[in-house]
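Q: If you scroll down you'll find the structure; I have some questions about it.
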Amino acid sequence: MRTNLYLTPTDTTMGFVSQASKKIDKAKKRTANKHYIRVVNSLERLKTFARVPQKHKNRVRRSTQTTFVFPQGESFRVVKDTKHNLLLNRVKWLYSSSANLSGAEYNELYAKKMSEVMVSFPNGNSGEASKIYRLGHGVIKSIR
């Protein structure tokens, strides 16, 4: 279950998600040296992967649809109270990326063809990508 490549409405857009980043690389035809956002289902799960700088703890805790790049270089988004949590709560964390070829627009037929499991919800998301901020020990920088 955890290594399947899912096509699902995430908390932001239609996305490919999996615990196997190589499957997302293949679906997106993307080079393996790029990092993916790791989506977690709780702040407690986030703490198992990274230490949130003290100055930014409230910001991370209160954020929605926001990805943070930590000083170590890894990217995380905490997803709370969304339909995406129905999947996320079962597996605790997933790598996530938009469901399209790298650099291209979303193509539903292509995304369905590349996925192993399709998850759908009534009124699924087709919204905007998350905001991204780089957290430093003393500063924060908007990336997207």
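Identifiers for the structure tokens are assigned positionally: chains receive A, B, ... in sequence, residues are indexed from 1 per chain, and ligands are indexed from 1 in the order shown.
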Please identify all polymer residues within 10 Å of Lys26 of chain A, counting only C-alpha atoms, omitting same-chain residues fewer than 5 positions from it, and present them as a ChimeraX atom specification.
A: /A:21,31-32,101,114
Q: The selected residues should be written to file as a PDB file, in the first residue's frame (atoms: C-alpha atoms).
A:
ATOM      1  CA  SER A  21       9.938   8.717  -4.619  1.00  0.00           C
ATOM      2  CA  THR A  31      15.559  13.508 -12.689  1.00  0.00           C
ATOM      3  CA  ALA A  32      16.157  11.651  -9.446  1.00  0.00           C
ATOM      4  CA  LEU A 101       4.914  15.767 -16.382  1.00  0.00           C
ATOM      5  CA  MET A 114       0.703   6.643 -14.822  1.00  0.00           C
TER       6      MET A 114
END
Q: Residues within 9 Å of Lys28 of chain A, please, as a list in words. Count only C-alpha atoms; anything in the same chain fewer than 2 positions from it doesn't count.
A: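 Near neighbours after the sequence-gap exclusion: Phe16, Lys23, Ile24, Asp25, Lys26, Arg30, Thr31, Ser97, Ser98, Ala99, Asn100, Leu101, Ser102, Gly103 and Met114 of chain A.
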Q: Can I get the selected residues back with N, CA and C atoms, as an mmCIF file, in the first residue's frame?
A:
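To be explicit, this is the file written out as again_12.cif:
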data_model
loop_
_atom_site.group_PDB
_atom_site.id
_atom_site.type_symbol
_atom_site.label_atom_id
_atom_site.label_comp_id
_atom_site.auth_asym_id
_atom_site.auth_seq_id
_atom_site.Cartn_x
_atom_site.Cartn_y
_atom_site.Cartn_z
ATOM 1 N N PHE A 16 0.425 13.279 -7.450
ATOM 2 C CA PHE A 16 0.980 11.936 -7.319
ATOM 3 C C PHE A 16 1.555 11.862 -5.916
ATOM 4 N N LYS A 23 8.984 6.154 -7.924
ATOM 5 C CA LYS A 23 7.766 5.990 -8.709
ATOM 6 C C LYS A 23 7.232 7.348 -9.175
ATOM 7 N N ILE A 24 7.365 8.357 -8.342
ATOM 8 C CA ILE A 24 6.944 9.701 -8.749
ATOM 9 C C ILE A 24 7.895 10.225 -9.816
ATOM 10 N N ASP A 25 9.211 9.986 -9.641
ATOM 11 C CA ASP A 25 10.198 10.386 -10.663
ATOM 12 C C ASP A 25 9.808 9.829 -12.032
ATOM 13 N N LYS A 26 9.477 8.547 -12.054
ATOM 14 C CA LYS A 26 9.142 7.879 -13.320
ATOM 15 C C LYS A 26 7.870 8.465 -13.926
ATOM 16 N N ARG A 30 11.096 12.901 -14.322
ATOM 17 C CA ARG A 30 11.896 13.900 -13.619
ATOM 18 C C ARG A 30 13.202 13.268 -13.159
ATOM 19 N N THR A 31 14.277 14.043 -13.144
ATOM 20 C CA THR A 31 15.559 13.508 -12.689
ATOM 21 C C THR A 31 15.494 13.172 -11.204
ATOM 22 N N SER A 97 3.781 15.374 -5.145
ATOM 23 C CA SER A 97 4.107 16.263 -6.255
ATOM 24 C C SER A 97 2.859 16.422 -7.109
ATOM 25 N N SER A 98 2.791 17.500 -7.861
ATOM 26 C CA SER A 98 1.645 17.694 -8.741
ATOM 27 C C SER A 98 1.598 16.557 -9.764
ATOM 28 N N ALA A 99 0.395 16.217 -10.192
ATOM 29 C CA ALA A 99 0.199 15.072 -11.088
ATOM 30 C C ALA A 99 0.316 15.515 -12.541
ATOM 31 N N ASN A 100 1.531 15.808 -12.958
ATOM 32 C CA ASN A 100 1.790 16.214 -14.336
ATOM 33 C C ASN A 100 3.224 15.856 -14.691
ATOM 34 N N LEU A 101 3.525 15.909 -15.969
ATOM 35 C CA LEU A 101 4.914 15.767 -16.382
ATOM 36 C C LEU A 101 5.683 16.955 -15.836
ATOM 37 N N SER A 102 6.934 16.768 -15.519
ATOM 38 C CA SER A 102 7.739 17.848 -14.965
ATOM 39 C C SER A 102 7.724 19.055 -15.904
ATOM 40 N N GLY A 103 7.260 20.195 -15.381
ATOM 41 C CA GLY A 103 7.225 21.430 -16.153
ATOM 42 C C GLY A 103 6.024 21.601 -17.057
ATOM 43 N N MET A 114 -0.529 6.853 -15.580
ATOM 44 C CA MET A 114 0.703 6.643 -14.822
ATOM 45 C C MET A 114 0.469 6.144 -13.400
#
Q: Using only C-alpha atoms, which residues sit within 10 Å of segment 49-61 of chain A once same-chain residues fewer than 2 positions away are excluded, as a ChimeraX atom specification?
A: /A:38,40,42-47,63-64,66-68,70-72,74-78,135-140
Q: Residues of chain A classed as strand (DSSP E or B) by DSSP on the backbone are to be reported as a ChimeraX atom specification.
A: /A:6-9,14-18,37-40,66-69,75-78,93-98,117-118,131-135,140-142
Q: Just write the chosen residues, N, CA and C atoms, as a JSON list (two decimals), in the first residue's frame.
A:
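selection25.json, freshly written:
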[["chain", "number", "residue", "atom", "x", "y", "z"],
["A", 6, "TYR", "N", -0.19, 6.79, -6.04],
["A", 6, "TYR", "CA", -1.57, 7.22, -5.98],
["A", 6, "TYR", "C", -1.76, 8.49, -6.80],
["A", 7, "LEU", "N", -2.88, 8.60, -7.46],
["A", 7, "LEU", "CA", -3.35, 9.85, -8.05],
["A", 7, "LEU", "C", -4.51, 10.28, -7.17],
["A", 8, "THR", "N", -4.38, 11.42, -6.53],
["A", 8, "THR", "CA", -5.39, 11.82, -5.56],
["A", 8, "THR", "C", -5.49, 13.34, -5.46],
["A", 9, "PRO", "N", -6.68, 13.84, -5.13],
["A", 9, "PRO", "CA", -6.75, 15.25, -4.80],
["A", 9, "PRO", "C", -6.06, 15.44, -3.44],
["A", 14, "MET", "N", -4.37, 18.27, -7.63],
["A", 14, "MET", "CA", -4.31, 16.85, -7.95],
["A", 14, "MET", "C", -2.85, 16.46, -7.89],
["A", 15, "GLY", "N", -2.55, 15.35, -7.22],
["A", 15, "GLY", "CA", -1.15, 15.01, -7.04],
["A", 15, "GLY", "C", -0.85, 13.54, -7.16],
["A", 16, "PHE", "N", 0.43, 13.28, -7.45],
["A", 16, "PHE", "CA", 0.98, 11.94, -7.32],
["A", 16, "PHE", "C", 1.56, 11.86, -5.92],
["A", 17, "VAL", "N", 1.22, 10.81, -5.17],
["A", 17, "VAL", "CA", 1.78, 10.62, -3.84],
["A", 17, "VAL", "C", 2.21, 9.16, -3.67],
["A", 18, "SER", "N", 3.29, 8.97, -2.92],
["A", 18, "SER", "CA", 3.81, 7.63, -2.66],
["A", 18, "SER", "C", 4.91, 7.74, -1.62],
["A", 37, "ILE", "N", 8.33, 17.18, -1.72],
["A", 37, "ILE", "CA", 7.74, 17.60, -0.45],
["A", 37, "ILE", "C", 7.29, 16.33, 0.27],
["A", 38, "ARG", "N", 7.58, 16.26, 1.54],
["A", 38, "ARG", "CA", 7.08, 15.15, 2.35],
["A", 38, "ARG", "C", 5.87, 15.68, 3.11],
["A", 39, "VAL", "N", 4.72, 15.09, 2.84],
["A", 39, "VAL", "CA", 3.49, 15.51, 3.48],
["A", 39, "VAL", "C", 3.26, 14.59, 4.68],
["A", 40, "VAL", "N", 3.00, 15.19, 5.84],
["A", 40, "VAL", "CA", 2.79, 14.42, 7.07],
["A", 40, "VAL", "C", 1.40, 14.71, 7.62],
["A", 66, "THR", "N", 0.63, 25.15, 3.26],
["A", 66, "THR", "CA", 1.94, 25.82, 3.23],
["A", 66, "THR", "C", 3.03, 24.78, 3.42],
["A", 67, "THR", "N", 4.03, 24.85, 2.54],
["A", 67, "THR", "CA", 5.19, 23.96, 2.61],
["A", 67, "THR", "C", 6.35, 24.74, 3.18],
["A", 68, "PHE", "N", 7.12, 24.09, 4.04],
["A", 68, "PHE", "CA", 8.29, 24.72, 4.65],
["A", 68, "PHE", "C", 9.54, 23.94, 4.28],
["A", 69, "VAL", "N", 10.55, 24.65, 3.82],
["A", 69, "VAL", "CA", 11.86, 24.06, 3.55],
["A", 69, "VAL", "C", 12.69, 24.32, 4.80],
["A", 75, "SER", "N", 11.82, 19.41, 2.63],
["A", 75, "SER", "CA", 10.57, 20.16, 2.58],
["A", 75, "SER", "C", 9.44, 19.34, 3.19],
["A", 76, "PHE", "N", 8.61, 20.01, 4.00],
["A", 76, "PHE", "CA", 7.50, 19.34, 4.67],
["A", 76, "PHE", "C", 6.25, 20.20, 4.63],
["A", 77, "ARG", "N", 5.09, 19.52, 4.57],
["A", 77, "ARG", "CA", 3.81, 20.20, 4.73],
["A", 77, "ARG", "C", 2.97, 19.34, 5.68],
["A", 78, "VAL", "N", 2.41, 19.96, 6.70],
["A", 78, "VAL", "CA", 1.52, 19.27, 7.63],
["A", 78, "VAL", "C", 0.10, 19.47, 7.12],
["A", 93, "TRP", "N", 2.81, 9.43, 6.29],
["A", 93, "TRP", "CA", 3.54, 10.42, 5.48],
["A", 93, "TRP", "C", 3.64, 9.91, 4.05],
["A", 94, "LEU", "N", 3.78, 10.85, 3.12],
["A", 94, "LEU", "CA", 3.93, 10.52, 1.71],
["A", 94, "LEU", "C", 4.77, 11.59, 1.03],
["A", 95, "TYR", "N", 5.52, 11.20, 0.01],
["A", 95, "TYR", "CA", 6.12, 12.18, -0.88],
["A", 95, "TYR", "C", 4.99, 12.66, -1.77],
["A", 96, "SER", "N", 5.02, 13.94, -2.14],
["A", 96, "SER", "CA", 3.93, 14.51, -2.91],
["A", 96, "SER", "C", 4.46, 15.42, -4.01],
["A", 97, "SER", "N", 3.78, 15.37, -5.14],
["A", 97, "SER", "CA", 4.11, 16.26, -6.25],
["A", 97, "SER", "C", 2.86, 16.42, -7.11],
["A", 98, "SER", "N", 2.79, 17.50, -7.86],
["A", 98, "SER", "CA", 1.64, 17.69, -8.74],
["A", 98, "SER", "C", 1.60, 16.56, -9.76],
["A", 117, "VAL", "N", -3.03, 3.54, -8.32],
["A", 117, "VAL", "CA", -4.27, 3.60, -7.56],
["A", 117, "VAL", "C", -4.83, 5.02, -7.70],
["A", 118, "MET", "N", -6.12, 5.11, -8.02],
["A", 118, "MET", "CA", -6.76, 6.42, -8.10],
["A", 118, "MET", "C", -7.69, 6.59, -6.91],
["A", 131, "LYS", "N", 1.87, 27.39, -0.80],
["A", 131, "LYS", "CA", 2.89, 28.43, -0.62],
["A", 131, "LYS", "C", 4.13, 27.71, -0.09],
["A", 132, "ILE", "N", 5.31, 28.21, -0.43],
["A", 132, "ILE", "CA", 6.55, 27.60, 0.04],
["A", 132, "ILE", "C", 7.41, 28.67, 0.70],
["A", 133, "TYR", "N", 7.88, 28.36, 1.91],
["A", 133, "TYR", "CA", 8.77, 29.25, 2.64],
["A", 133, "TYR", "C", 10.02, 28.48, 3.06],
["A", 134, "ARG", "N", 11.17, 29.13, 2.95],
["A", 134, "ARG", "CA", 12.43, 28.56, 3.44],
["A", 134, "ARG", "C", 12.66, 29.12, 4.84],
["A", 135, "LEU", "N", 12.78, 28.20, 5.81],
["A", 135, "LEU", "CA", 13.01, 28.59, 7.19],
["A", 135, "LEU", "C", 14.49, 28.60, 7.49],
["A", 140, "ILE", "N", 12.90, 34.00, 7.52],
["A", 140, "ILE", "CA", 12.02, 33.22, 6.67],
["A", 140, "ILE", "C", 12.00, 33.89, 5.30],
["A", 141, "LYS", "N", 12.03, 33.09, 4.23],
["A", 141, "LYS", "CA", 12.06, 33.62, 2.88],
["A", 141, "LYS", "C", 10.98, 32.95, 2.04],
["A", 142, "SER", "N", 10.16, 33.76, 1.38],
["A", 142, "SER", "CA", 9.13, 33.22, 0.50],
["A", 142, "SER", "C", 9.76, 32.72, -0.79]]
Q: Check the DSSP output for the backbone and give back, as a PyMOL selection string, the residues of segment 3-141 of chain A in helix (DSSP H, G or I).
A: chain A and resi 21-28+43-47+54-62+85-91+108-114
